[in-house]
Every structure is written in C-alpha cells, then in structure tokens.
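This is upload-v1.cif. It holds mmCIF, C-alpha atoms.
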```
data_structure
loop_
_atom_site.label_atom_id
_atom_site.label_comp_id
_atom_site.auth_asym_id
_atom_site.auth_seq_id
_atom_site.Cartn_x
_atom_site.Cartn_y
_atom_site.Cartn_z
CA MET Z 177 0.00 0.00 0.00
CA ARG Z 178 2.94 2.28 0.78
CA ASP Z 179 4.20 2.44 -2.80
CA ASN Z 180 0.85 3.21 -4.37
CA PRO Z 181 0.84 6.91 -5.33
CA VAL Z 182 -2.97 7.07 -5.27
CA PHE Z 183 -3.12 6.04 -1.61
CA ARG Z 184 -0.26 8.33 -0.63
CA LEU Z 185 -1.76 11.35 -2.37
CA ALA Z 186 -5.27 10.64 -1.06
CA ALA Z 187 -3.97 10.27 2.48
CA LYS Z 188 -1.98 13.49 2.21
CA ILE Z 189 -4.97 15.43 0.86
CA LEU Z 190 -7.47 13.96 3.35
CA PHE Z 191 -5.37 14.13 6.54
CA ALA Z 192 -5.91 17.81 7.38
CA PRO Z 193 -9.62 18.03 6.36
CA ILE Z 194 -10.47 14.96 8.50
CA ILE Z 195 -8.85 16.60 11.53
CA LEU Z 196 -10.59 19.88 10.73
CA PHE Z 197 -13.93 18.08 10.56
CA GLY Z 198 -13.12 16.37 13.86
CA LEU Z 199 -12.44 19.74 15.49
CA TYR Z 200 -15.70 21.08 14.05
CA VAL Z 201 -17.61 18.15 15.54
CA GLN Z 202 -15.76 18.66 18.83
CA PHE Z 203 -16.51 22.33 19.30
CA HIS Z 204 -19.88 22.43 17.55
CA GLY Z 205 -21.36 19.82 19.90
CA ASP Z 206 -23.26 22.56 21.79
CA PHE Z 207 -25.19 23.56 18.71
CA GLY Z 208 -25.51 20.44 16.58
CA PRO Z 209 -24.99 16.72 16.73
CA GLY Z 210 -21.52 15.79 17.87
CA GLY Z 211 -19.27 15.99 20.88
CA GLY Z 212 -16.14 14.54 22.36
CA PHE Z 213 -16.77 10.86 21.65
CA GLN Z 214 -17.51 11.29 17.94
CA ALA Z 215 -14.80 13.90 17.42
CA GLY Z 216 -12.21 11.73 19.14
CA VAL Z 217 -13.01 8.83 16.85
CA ILE Z 218 -12.87 11.03 13.73
CA ILE Z 219 -9.51 12.56 14.66
CA ALA Z 220 -8.14 9.11 15.49
CA ALA Z 221 -9.34 7.95 12.05
CA ALA Z 222 -7.09 10.57 10.40
CA PHE Z 223 -4.03 9.26 12.26
CA ILE Z 224 -5.00 5.64 11.55
CA LEU Z 225 -5.29 6.48 7.83
CA HIS Z 226 -1.82 8.01 8.02
CA GLY Z 227 -0.50 4.90 9.77
CA LEU Z 228 -2.12 2.54 7.26
CA VAL Z 229 -0.71 4.32 4.22
CA PHE Z 230 2.73 5.45 5.40
CA GLY Z 231 3.45 2.58 7.79
CA LEU Z 232 3.26 2.27 11.55
CA GLU Z 233 6.80 3.51 12.07
CA GLN Z 234 5.93 6.87 10.54
CA GLY Z 235 2.80 6.99 12.69
CA ARG Z 236 4.85 6.28 15.80
CA ARG Z 237 7.22 9.07 14.88
CA LEU Z 238 4.22 11.40 14.69
CA ILE Z 239 2.99 10.41 18.16
CA SER Z 240 5.11 8.02 20.18
CA ALA Z 241 3.47 5.35 22.34
CA ARG Z 242 4.77 7.03 25.50
CA VAL Z 243 3.32 10.43 24.61
CA ASN Z 244 0.07 8.76 23.59
CA LEU Z 245 -0.24 7.07 26.98
CA LEU Z 246 0.30 10.42 28.69
CA VAL Z 247 -2.31 12.09 26.48
CA MET Z 248 -4.82 9.35 27.41
CA ALA Z 249 -4.43 10.26 31.06
CA ILE Z 250 -4.40 14.00 30.38
CA GLY Z 251 -7.90 13.77 28.86
CA VAL Z 252 -9.30 12.22 32.02
CA MET Z 253 -7.36 14.79 34.08
CA ILE Z 254 -8.95 17.67 32.12
CA TYR Z 255 -12.42 16.28 32.85
CA GLY Z 256 -11.72 15.64 36.52
CA GLY Z 257 -9.83 18.92 36.78
CA VAL Z 258 -12.90 20.91 35.75
CA GLY Z 259 -14.77 19.23 38.61
CA VAL Z 260 -12.01 20.01 41.10
CA VAL Z 261 -11.76 23.65 39.95
CA SER Z 262 -15.50 24.09 40.43
CA LEU Z 263 -15.06 22.65 43.93
CA PHE Z 264 -12.42 25.29 44.69
CA GLN Z 265 -14.69 28.00 43.29
CA GLY Z 266 -17.18 27.14 46.02
CA GLY Z 267 -19.57 24.99 44.00
CA LEU Z 268 -20.21 21.26 43.85
CA PHE Z 269 -18.07 18.76 41.94
CA LEU Z 270 -18.66 19.32 38.17
CA ASP Z 271 -20.95 22.27 38.91
CA TYR Z 272 -19.96 24.41 35.92
CA THR Z 273 -21.98 27.43 37.02
CA ALA Z 274 -19.46 27.93 39.82
CA LEU Z 275 -16.63 28.26 37.28
CA THR Z 276 -17.51 31.86 36.36
CA GLY Z 277 -20.46 32.60 38.57
CA SER Z 278 -22.98 33.01 35.76
CA VAL Z 279 -25.10 30.12 34.51
CA SER Z 280 -24.73 30.81 30.79
CA SER Z 281 -20.98 31.39 30.49
CA GLY Z 282 -20.07 28.89 33.21
CA GLN Z 283 -22.01 26.07 31.59
CA HIS Z 284 -20.57 26.93 28.15
CA ILE Z 285 -16.97 26.89 29.38
CA GLY Z 286 -17.50 23.80 31.51
CA ILE Z 287 -19.13 21.80 28.74
CA ILE Z 288 -16.47 22.76 26.18
CA LEU Z 289 -13.63 21.79 28.56
CA VAL Z 290 -15.29 18.54 29.56
CA GLU Z 291 -15.95 17.59 25.94
CA LEU Z 292 -12.34 18.43 25.17
CA GLY Z 293 -11.21 16.00 27.86
CA VAL Z 294 -13.46 13.28 26.43
CA GLY Z 295 -12.19 13.95 22.90
CA VAL Z 296 -8.52 13.84 23.91
CA THR Z 297 -8.94 10.55 25.78
CA VAL Z 298 -10.99 8.88 23.04
CA THR Z 299 -8.54 9.96 20.30
CA SER Z 300 -5.49 8.59 22.07
CA VAL Z 301 -7.20 5.39 23.25
CA MET Z 302 -8.35 4.60 19.69
CA LEU Z 303 -4.88 5.34 18.36
CA ALA Z 304 -3.27 3.23 21.08
CA LEU Z 305 -5.60 0.31 20.32
CA PHE Z 306 -4.82 0.49 16.61
CA HIS Z 307 -1.08 0.64 17.23
CA ALA Z 308 -1.29 -2.18 19.77
CA PHE Z 309 -3.10 -4.52 17.38
CA ALA Z 310 -1.38 -3.61 14.12
CA GLY Z 311 2.03 -3.07 15.70
CA PHE Z 312 1.88 -6.42 17.49
CA VAL Z 313 1.62 -8.24 14.16
CA GLU Z 314 4.26 -6.11 12.46
CA ASP Z 315 6.73 -6.66 15.31
CA HIS Z 316 6.28 -10.43 15.39
CA SER Z 317 6.01 -11.47 11.75
CA MET I 20 -46.24 6.54 5.53
CA THR I 21 -42.89 6.90 3.77
CA SER I 22 -41.20 6.94 7.16
CA VAL I 23 -42.79 3.61 8.06
CA MET I 24 -41.78 2.17 4.69
CA ILE I 25 -38.17 3.34 5.15
CA ASP I 26 -38.18 1.82 8.63
CA MET I 27 -39.48 -1.50 7.33
CA PHE I 28 -36.87 -1.53 4.56
CA LEU I 29 -34.03 -0.76 6.98
CA LEU I 30 -35.22 -3.36 9.49
CA GLY I 31 -35.44 -5.92 6.70
CA LEU I 32 -31.91 -4.98 5.65
CA LEU I 33 -30.71 -5.46 9.25
CA VAL I 34 -32.21 -8.95 9.41
CA PHE I 35 -30.78 -9.77 5.99
CA ILE I 36 -27.26 -8.65 7.03
CA ALA I 37 -27.53 -10.57 10.31
CA VAL I 38 -28.49 -13.79 8.47
CA MET I 39 -25.66 -13.26 5.97
CA ILE I 40 -23.19 -12.80 8.87
CA LEU I 41 -24.40 -16.06 10.41
CA ARG I 42 -24.07 -17.98 7.16
CA THR I 43 -20.57 -16.94 6.12
CA CYS I 44 -17.32 -18.38 7.43
CA LYS I 45 -14.98 -15.73 5.98
CA LEU I 46 -13.95 -13.40 8.80
CA PHE I 47 -13.19 -10.50 6.47
CA ALA I 48 -16.73 -10.64 5.10
CA VAL I 49 -18.13 -10.85 8.65
CA ILE I 50 -16.24 -7.70 9.70
CA VAL I 51 -17.26 -5.69 6.66
CA MET I 52 -20.88 -6.78 7.01
CA SER I 53 -20.98 -5.82 10.69
CA GLY I 54 -19.81 -2.39 9.58
CA GLY I 55 -22.76 -2.35 7.18
CA TYR I 56 -25.04 -3.47 10.03
CA SER I 57 -23.90 -0.50 12.13
CA LEU I 58 -24.41 1.90 9.23
CA THR I 59 -27.94 0.59 8.70
CA SER I 60 -28.73 1.03 12.39
CA ALA I 61 -27.35 4.57 12.14
CA ALA I 62 -29.83 5.23 9.34
CA ILE I 63 -32.64 3.89 11.57
CA PHE I 64 -31.54 6.25 14.37
CA VAL I 65 -31.64 9.19 11.93
CA ASN I 66 -35.16 8.16 11.00
CA LEU I 67 -36.04 8.19 14.73
CA ASP I 68 -34.63 11.77 15.00
CA ALA I 69 -31.81 10.57 17.27
CA VAL I 70 -29.07 12.30 15.28
CA ASP I 71 -26.44 12.23 18.02
CA VAL I 72 -26.84 8.49 18.53
CA ALA I 73 -26.74 7.96 14.76
CA PHE I 74 -23.54 9.99 14.51
CA THR I 75 -21.90 7.94 17.25
CA GLU I 76 -23.07 4.66 15.74
CA ALA I 77 -21.73 5.64 12.30
CA ALA I 78 -18.38 6.89 13.62
CA VAL I 79 -17.73 4.21 16.24
CA GLY I 80 -19.68 1.18 15.03
CA ALA I 81 -19.23 1.47 11.29
CA GLY I 82 -15.94 3.35 11.27
CA ILE I 83 -13.39 2.73 13.96
CA SER I 84 -14.48 -0.70 15.21
CA THR I 85 -14.36 -2.07 11.66
CA VAL I 86 -10.79 -0.80 11.35
CA LEU I 87 -9.83 -2.20 14.76
CA PHE I 88 -11.42 -5.57 13.94
CA LEU I 89 -9.49 -5.66 10.66
CA ALA I 90 -6.27 -4.89 12.56
CA ALA I 91 -7.11 -7.65 15.04
CA MET I 92 -7.93 -10.05 12.21
CA SER I 93 -4.27 -10.24 11.27
CA PHE I 94 -3.87 -12.43 14.39
CA LEU I 95 -6.45 -14.89 13.08
CA PRO I 96 -6.86 -17.30 10.18
CA ALA I 97 -9.01 -15.97 7.35
CA GLU I 98 -11.80 -18.48 7.88
CA GLU I 99 -13.80 -19.70 10.81
CA LYS I 100 -13.13 -23.31 11.84
CA PRO I 101 -15.74 -25.69 10.45
CA GLU I 102 -18.07 -27.06 13.10
CA ASN I 103 -17.12 -30.29 14.82
CA LYS I 104 -19.60 -32.79 13.38
CA SER I 105 -18.79 -35.64 15.76
CA GLU I 106 -20.78 -34.18 18.66
CA SER I 107 -24.53 -34.55 18.84
CA THR I 108 -25.34 -31.99 16.16
CA LEU I 109 -29.09 -32.50 16.11
CA SER I 110 -29.94 -31.47 19.68
CA ARG I 111 -27.89 -28.26 19.73
CA PRO I 112 -29.79 -26.26 17.08
CA LEU I 113 -33.01 -27.56 18.61
CA ILE I 114 -32.12 -26.27 22.10
CA ALA I 115 -30.82 -22.99 20.62
CA SER I 116 -34.00 -22.33 18.65
CA VAL I 117 -36.22 -23.17 21.64
CA VAL I 118 -34.25 -20.71 23.82
CA CYS I 119 -34.34 -18.04 21.09
CA ILE I 120 -38.08 -18.36 20.48
CA ALA I 121 -38.83 -18.37 24.21
CA ALA I 122 -36.68 -15.28 24.87
CA GLY I 123 -38.13 -13.52 21.81
CA ALA I 124 -41.70 -14.29 22.92
CA LEU I 125 -40.94 -12.91 26.38
CA LEU I 126 -39.49 -9.71 24.89
CA VAL I 127 -42.52 -9.22 22.61
CA PHE I 128 -44.82 -9.86 25.58
CA ALA I 129 -42.93 -7.25 27.63
CA ALA I 130 -42.96 -4.77 24.74
CA LEU I 131 -46.79 -4.86 24.70
CA ASP I 132 -46.68 -3.01 28.03
CA LEU I 133 -44.43 -0.20 26.73
CA PRO I 134 -46.01 3.17 25.99
CA ALA I 135 -46.57 3.96 22.31
CA PHE I 136 -43.65 5.47 20.36
CA GLY I 137 -43.61 9.25 20.86
CA ASP I 138 -46.33 9.16 23.53
CA PRO I 139 -46.02 12.51 25.39
CA ASN I 140 -47.37 10.95 28.60
CA ALA I 141 -44.76 8.19 28.71
CA PRO I 142 -42.95 8.09 32.09
CA ALA I 143 -39.64 8.91 30.41
CA HIS I 144 -41.10 12.17 29.05
CA ILE I 145 -42.74 13.52 32.18
CA HIS I 146 -40.04 12.97 34.83
CA VAL I 147 -36.99 15.21 34.25
CA ALA I 148 -37.11 15.62 30.46
CA PRO I 149 -39.41 18.71 30.47
CA ARG I 150 -36.98 20.54 32.77
CA TYR I 151 -34.02 19.71 30.51
CA LEU I 152 -35.94 20.84 27.41
CA GLU I 153 -37.07 24.11 28.98
CA GLU I 154 -33.82 25.09 30.67
CA SER I 155 -31.27 24.07 28.05
CA GLY I 156 -32.16 26.72 25.50
CA THR I 157 -33.34 29.60 27.70
CA LEU I 158 -31.21 29.32 30.85
CA LEU I 159 -28.04 27.61 29.67
CA HIS I 160 -28.16 29.01 26.09
CA ILE I 161 -27.10 25.67 24.63
CA PRO I 162 -29.52 24.60 21.91
CA ASN I 163 -28.44 20.93 21.73
CA VAL I 164 -30.21 19.30 24.67
CA VAL I 165 -28.31 16.05 24.14
CA THR I 166 -25.04 17.83 24.89
CA THR I 167 -26.37 19.54 28.04
CA VAL I 168 -27.79 16.26 29.35
CA LEU I 169 -24.56 14.40 28.51
CA ALA I 170 -22.04 16.91 29.77
CA SER I 171 -23.86 18.98 32.36
CA TYR I 172 -26.94 17.31 33.88
CA ARG I 173 -25.33 13.88 33.69
CA GLY I 174 -21.70 15.01 33.99
CA PHE I 175 -20.87 12.27 36.48
CA ASP I 176 -22.01 9.56 34.05
CA THR I 177 -19.84 10.98 31.29
CA LEU I 178 -16.86 11.21 33.63
CA GLY I 179 -17.42 7.53 34.37
CA GLU I 180 -17.65 6.73 30.65
CA THR I 181 -14.40 8.56 29.95
CA ILE I 182 -12.68 6.63 32.73
CA VAL I 183 -14.10 3.39 31.29
CA VAL I 184 -12.64 4.23 27.86
CA PHE I 185 -9.32 5.08 29.49
CA THR I 186 -9.23 1.88 31.57
CA ALA I 187 -10.25 -0.27 28.61
CA GLY I 188 -7.42 1.21 26.54
CA LEU I 189 -4.96 0.59 29.37
CA GLY I 190 -6.20 -2.99 29.73
CA VAL I 191 -5.72 -3.80 26.04
CA LEU I 192 -2.26 -2.20 26.06
CA MET I 193 -1.24 -4.22 29.12
CA LEU I 194 -2.59 -7.46 27.64
CA LEU I 195 -0.79 -7.01 24.32
CA SER I 196 2.50 -5.80 25.81
CA GLY I 197 2.34 -8.74 28.26
CA ALA I 198 1.95 -11.07 25.30
CA THR I 199 5.06 -9.64 23.65
CA ARG I 200 7.09 -10.23 26.79
CA THR I 201 6.16 -13.92 27.07
CA ARG I 202 6.93 -14.43 23.40
CA ARG I 203 10.36 -12.93 23.84
CA GLN I 204 10.94 -15.12 26.89
CA GLU I 205 10.05 -18.23 24.95
CA LYS I 206 12.99 -17.58 22.69
CA ALA I 207 15.40 -17.94 25.65
CA PRO I 208 15.33 -21.54 26.96
CA ALA I 209 16.30 -20.54 30.53
CA ALA I 210 13.35 -18.21 30.76
CA VAL I 211 11.00 -20.98 29.62
CA THR I 212 12.02 -23.29 32.43
CA ARG I 213 11.65 -20.46 34.92
CA LYS I 214 8.17 -19.81 33.59
CA ALA I 215 7.30 -23.49 33.71
CA LYS I 216 8.41 -23.66 37.35
CA LYS I 217 6.31 -20.62 38.12
CA GLY I 218 3.34 -22.31 36.45
CA ALA I 219 3.91 -25.49 38.47
CA ALA I 220 4.17 -23.50 41.69
CA LYS I 221 0.79 -21.92 40.98
#
```
Let me see whether you can do it: turn the structure in this file into structure tokens.
Amino acid sequence: MRDNPVFRLAAKILFAPIILFGLYVQFHGDFGPGGGFQAGVIIAAAFILHGLVFGLEQGRRLISARVNLLVMAIGVMIYGGVGVVSLFQGGLFLDYTALTGSVSSGQHIGIILVELGVGVTVTSVMLALFHAFAGFVEDHS
Amino acid sequence: MTSVMIDMFLLGLLVFIAVMILRTCKLFAVIVMSGGYSLTSAAIFVNLDAVDVAFTEAAVGAGISTVLFLAAMSFLPAEEKPENKSESTLSRPLIASVVCIAAGALLVFAALDLPAFGDPNAPAHIHVAPRYLEESGTLLHIPNVVTTVLASYRGFDTLGETIVVFTAGLGVLMLLSGATRTRRQEKAPAAVTRKAKKGAAK
C-alpha cells in the first residue's frame, strides 16, 4: 500500500480536512450533533489512515506510544480537573456554574472543557488500540 | 407513511445482514458486514430523529471498530473453523432455537406493556425531560439538549464513561505488551524453564 501513489496522495490530501472536521464536531457539539466521543473517533481515524498508508513507524514518529499514553491520562485529568476547579470556586463537583459565577458562560466553558477531555482521551485510546493490534503483528512477523 | 416504509426496509436490511453474517465463514466478510449493520442502524436512528446516537453509531460502530477488527484479524486465520460434526449436532440447534423463540416471545410480551412510540405521557417524558428541554435553550443558552444532558446534567455519568474508555485502553495495552514479553521469553530456553516452574508453583 505504501508504494501506491494514489493512496499516498489521497492520504496526504485527506489528513488535514479529516482533523478539521473532527475539530468542528468537537466544538460544535453545543449547537448540533456531535461531541467529544464522535470527534475523538474522527480525529483518530485521520491518524489511523496516516498509519495505514505510510506505515506504523511513521505513525509512531508522529505520536510516540509514550506520549500517547500520557495524552490518554491528560484527557481524564482535564475532565476531573474541571470538577475540582468548580469545587475550589465554592460549587459542587462538576458544577460548571461555579466556574464563572454566571449560569450561561459557566455552563458553556464547563461543557467545552469537559468535551475536550473526552475527545482527547478517546482519540489517544483509539490510536493506542490500533497501534497495539497492528504493531503487534508487524513486530512479530 | 414513507417513514414507516423506510423503517421496514431498513429493518429488513438489518435482518438480511444478520443472516448473511451467520451464514458466512470468511472473517473479512463478517467484519465488513458488521460495519454495514452499524451503518444501517445509524440510518434507523436518523429516522427516529436521534441524530447524536446515529452519529456515534456511524463513527464508532461502522468506522473505527471495523478498522480495529481488521487490525485484530491479522492475528487470526481468514476463515472460521468448520463445526465439529462428531458431537450430537441434532440437539444443539433444537435447544438454541427453543431458547431463542422463548426469549423472543418474552421480549414481545414485555414490549406490549411499553407506551406507544412518541407518547407525550410516557414516564420517560414527564419525569426530568421537560426541565431539561425548557432550561437548556433559555437558561443555559445551549440549543443541543443532548449535549447539556450528557455533559452537564449527567456530567458524572460521562466522567465515568471517559474513565471506562481510558481503563479499557490501558487494559488492552497491558494485555498485548504482556503477550510480547512472554513471546520474547520463549525464545530464551532458561526463561521458559523459569516460567514453567512458576506455572507449576501456581
């Protein structure tokens, strides 16, 4: 697959638009269908396409397994962190209104941050799963 | 009327794909057809006005899980093992069909008690849903109620889901990296005996 110019060109052209669409789904979740879970999967799909066409080694150079593992945890930390910050602001755990004091802006900021945490975790978990399965075979054949 | 016809067509397609999956032995075909199954269910969800669920089903069910299954398939032979004919083959399908028909009949019987589809007086629509629908747009200024329920009203659930995704990813990584270590050990004969002793001690 790596030597086929059609695949290489298609992957190069599609890579950025897929990520852009993922970001749109991520941050447009308040107004339309979408959110962290779907966006995470879409962004992971862009990296998986890259890995399929250019080889796993190139994909690992883009995001190493170690960094990916850290990013997985960072997503959960963002989500939990929003809850802890709202605790320190005098509200309840995950009470976004306490973040700024007003219902409208607090909920907006809270939901966007929380969805970001979900998206980050889902992206890196999907990528880690793909690299674990595909890399396992490549390393042992 | 057209909506009902589309629903019937999609449901028929679902049953057709399910039967095709059961009848084939080629794992590649099974994986691709389960992707098609997910896409068809996504179309049904769109028809039910559940766009967010449809989006998730299309992205996760039809998209990424197909790719992950294909990646996992490289561990496996291309075809399913043929069934072992020596065992009592007659009684097994009989028992299976009796269990299936009994469970299906129970489900249909239970479904008769459910409120009609879209019934405004259904318990699910009169408990907390009206508050979500009223507040989300006017008080929170977030038009997509699904997002407010998911991230705000049910924020704890979604935190749990994120942790589940995280833990599942960690689990798979640990399993697969553990498998690589044992394989490497098998290459060294000393390590094998050590492992065998450990196994005997257990």
Margin query: Need to verify the contact set: range 215-223 of chain Z, 6 Å, only C-alpha atoms, exclusion of same-chain residues closer than 2 positions in sequence. Can you return it as number ranges by chain?
Written below: Z: 191, 194-195, 198, 201-202, 212-213, 225-226, 295, 298-299, 303
Check: Given a cut-off of 9 Å, which residues of chain I touch chain Z, counting only C-alpha atoms, written out as a ChimeraX atom specification?
Finding: /I:70-72,74-76,78-79,82-83,86-87,90-94,158-167,170-171,174-175,177-178,180-182,184-185,187-189,191-192,195-196,199,202
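Here CA of Gly156 in chain I stands at a distance of 21.4 Å from CA of Gly137 in chain I.
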Item checked: Residues returned when the PyMOL selection byres ((chain I and resi 53) around 9) runs on this file, as JSON, numbers by chain -> {"I": [36, 37, 40, 48, 49, 50, 51, 52, 54, 55, 56, 57, 58, 80, 81, 85]}
Note to self: For a test of reading the model, state the distance in Å between CA of Glu98 in chain I and CA of Phe47 in chain I, rounded to one decimal.
What the structure shows: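 Answer for the CA of Glu98 in chain I to CA of Phe47 in chain I separation: 8.2 Å.
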Notebook entry, point to check: What gap, in Å, lies between CA of Asp179 in chain Z and CA of Gly227 in chain Z?
Noted result: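 Atom-to-atom, CA of Asp179 in chain Z and CA of Gly227 in chain Z are spaced 13.6 Å apart.
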Notebook entry, point to check: Looking at all atoms listed in the file, which of I:Leu67, I:Leu125, I:Ala62, I:Leu46 is the one that sits closest to Phe28 in chain I?
Noted result: I:Ala62
Notebook entry, point to check: Closest to Ile63 in chain I among I:Thr157, I:Ser116, I:Ser22, I:Ser110, using all atoms listed in the file?
Noted result: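 Once distances to Ile63 in chain I are computed over all atoms listed in the file, the minimum belongs to I:Ser22.
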Place N, CA and C atoms on range 144-173 of chain I and deliver the coordinates as a compact mmCIF listing (two decimals), keeping the file's coordinate frame.
```
# COMPACT_ATOMS: atom_id res chain seq x y z
N HIS I 144 -40.94 10.80 29.54
CA HIS I 144 -41.10 12.17 29.05
C HIS I 144 -41.71 13.13 30.07
N ILE I 145 -42.13 12.60 31.22
CA ILE I 145 -42.74 13.52 32.18
C ILE I 145 -41.92 13.65 33.46
N HIS I 146 -40.80 12.91 33.57
CA HIS I 146 -40.04 12.97 34.83
C HIS I 146 -39.10 14.18 34.84
N VAL I 147 -37.91 14.08 34.24
CA VAL I 147 -36.99 15.21 34.25
C VAL I 147 -36.83 15.84 32.86
N ALA I 148 -37.31 15.13 31.83
CA ALA I 148 -37.11 15.62 30.46
C ALA I 148 -37.68 17.02 30.23
N PRO I 149 -38.89 17.35 30.73
CA PRO I 149 -39.41 18.71 30.47
C PRO I 149 -38.49 19.80 31.01
N ARG I 150 -37.88 19.55 32.20
CA ARG I 150 -36.98 20.54 32.77
C ARG I 150 -35.76 20.73 31.88
N TYR I 151 -35.18 19.61 31.40
CA TYR I 151 -34.02 19.71 30.51
C TYR I 151 -34.39 20.52 29.28
N LEU I 152 -35.56 20.20 28.68
CA LEU I 152 -35.94 20.84 27.41
C LEU I 152 -36.17 22.33 27.61
N GLU I 153 -36.78 22.69 28.75
CA GLU I 153 -37.07 24.11 28.98
C GLU I 153 -35.81 24.90 29.29
N GLU I 154 -34.96 24.33 30.18
CA GLU I 154 -33.82 25.09 30.67
C GLU I 154 -32.71 25.22 29.64
N SER I 155 -32.48 24.14 28.87
CA SER I 155 -31.27 24.07 28.05
C SER I 155 -31.14 25.27 27.12
N GLY I 156 -32.24 25.62 26.45
CA GLY I 156 -32.16 26.72 25.50
C GLY I 156 -32.20 28.09 26.16
N THR I 157 -33.10 28.26 27.16
CA THR I 157 -33.34 29.60 27.70
C THR I 157 -32.36 29.97 28.80
N LEU I 158 -32.04 29.00 29.69
CA LEU I 158 -31.21 29.32 30.85
C LEU I 158 -29.73 29.09 30.55
N LEU I 159 -29.44 27.95 29.91
CA LEU I 159 -28.04 27.61 29.67
C LEU I 159 -27.56 28.14 28.32
N HIS I 160 -28.48 28.51 27.44
CA HIS I 160 -28.16 29.01 26.09
C HIS I 160 -27.36 27.99 25.28
N ILE I 161 -27.72 26.72 25.45
CA ILE I 161 -27.10 25.67 24.63
C ILE I 161 -28.23 24.93 23.93
N PRO I 162 -28.35 25.13 22.61
CA PRO I 162 -29.52 24.60 21.91
C PRO I 162 -29.58 23.07 21.86
N ASN I 163 -28.41 22.39 21.86
CA ASN I 163 -28.44 20.93 21.73
C ASN I 163 -28.63 20.30 23.10
N VAL I 164 -29.88 19.83 23.34
CA VAL I 164 -30.21 19.30 24.67
C VAL I 164 -29.38 18.05 24.98
N VAL I 165 -29.08 17.28 23.91
CA VAL I 165 -28.31 16.05 24.14
C VAL I 165 -26.98 16.38 24.80
N THR I 166 -26.34 17.46 24.32
CA THR I 166 -25.04 17.83 24.89
C THR I 166 -25.19 18.28 26.33
N THR I 167 -26.23 19.07 26.64
CA THR I 167 -26.37 19.54 28.04
C THR I 167 -26.65 18.37 28.95
N VAL I 168 -27.51 17.41 28.49
CA VAL I 168 -27.79 16.26 29.35
C VAL I 168 -26.51 15.46 29.54
N LEU I 169 -25.77 15.25 28.45
CA LEU I 169 -24.56 14.40 28.51
C LEU I 169 -23.46 15.03 29.36
N ALA I 170 -23.22 16.32 29.15
CA ALA I 170 -22.04 16.91 29.77
C ALA I 170 -22.35 17.65 31.05
N SER I 171 -23.58 18.15 31.20
CA SER I 171 -23.86 18.98 32.36
C SER I 171 -24.78 18.27 33.37
N TYR I 172 -26.01 17.94 32.93
CA TYR I 172 -26.94 17.31 33.88
C TYR I 172 -26.43 15.94 34.31
N ARG I 173 -25.84 15.21 33.36
CA ARG I 173 -25.33 13.88 33.69
C ARG I 173 -23.80 13.87 33.57
```
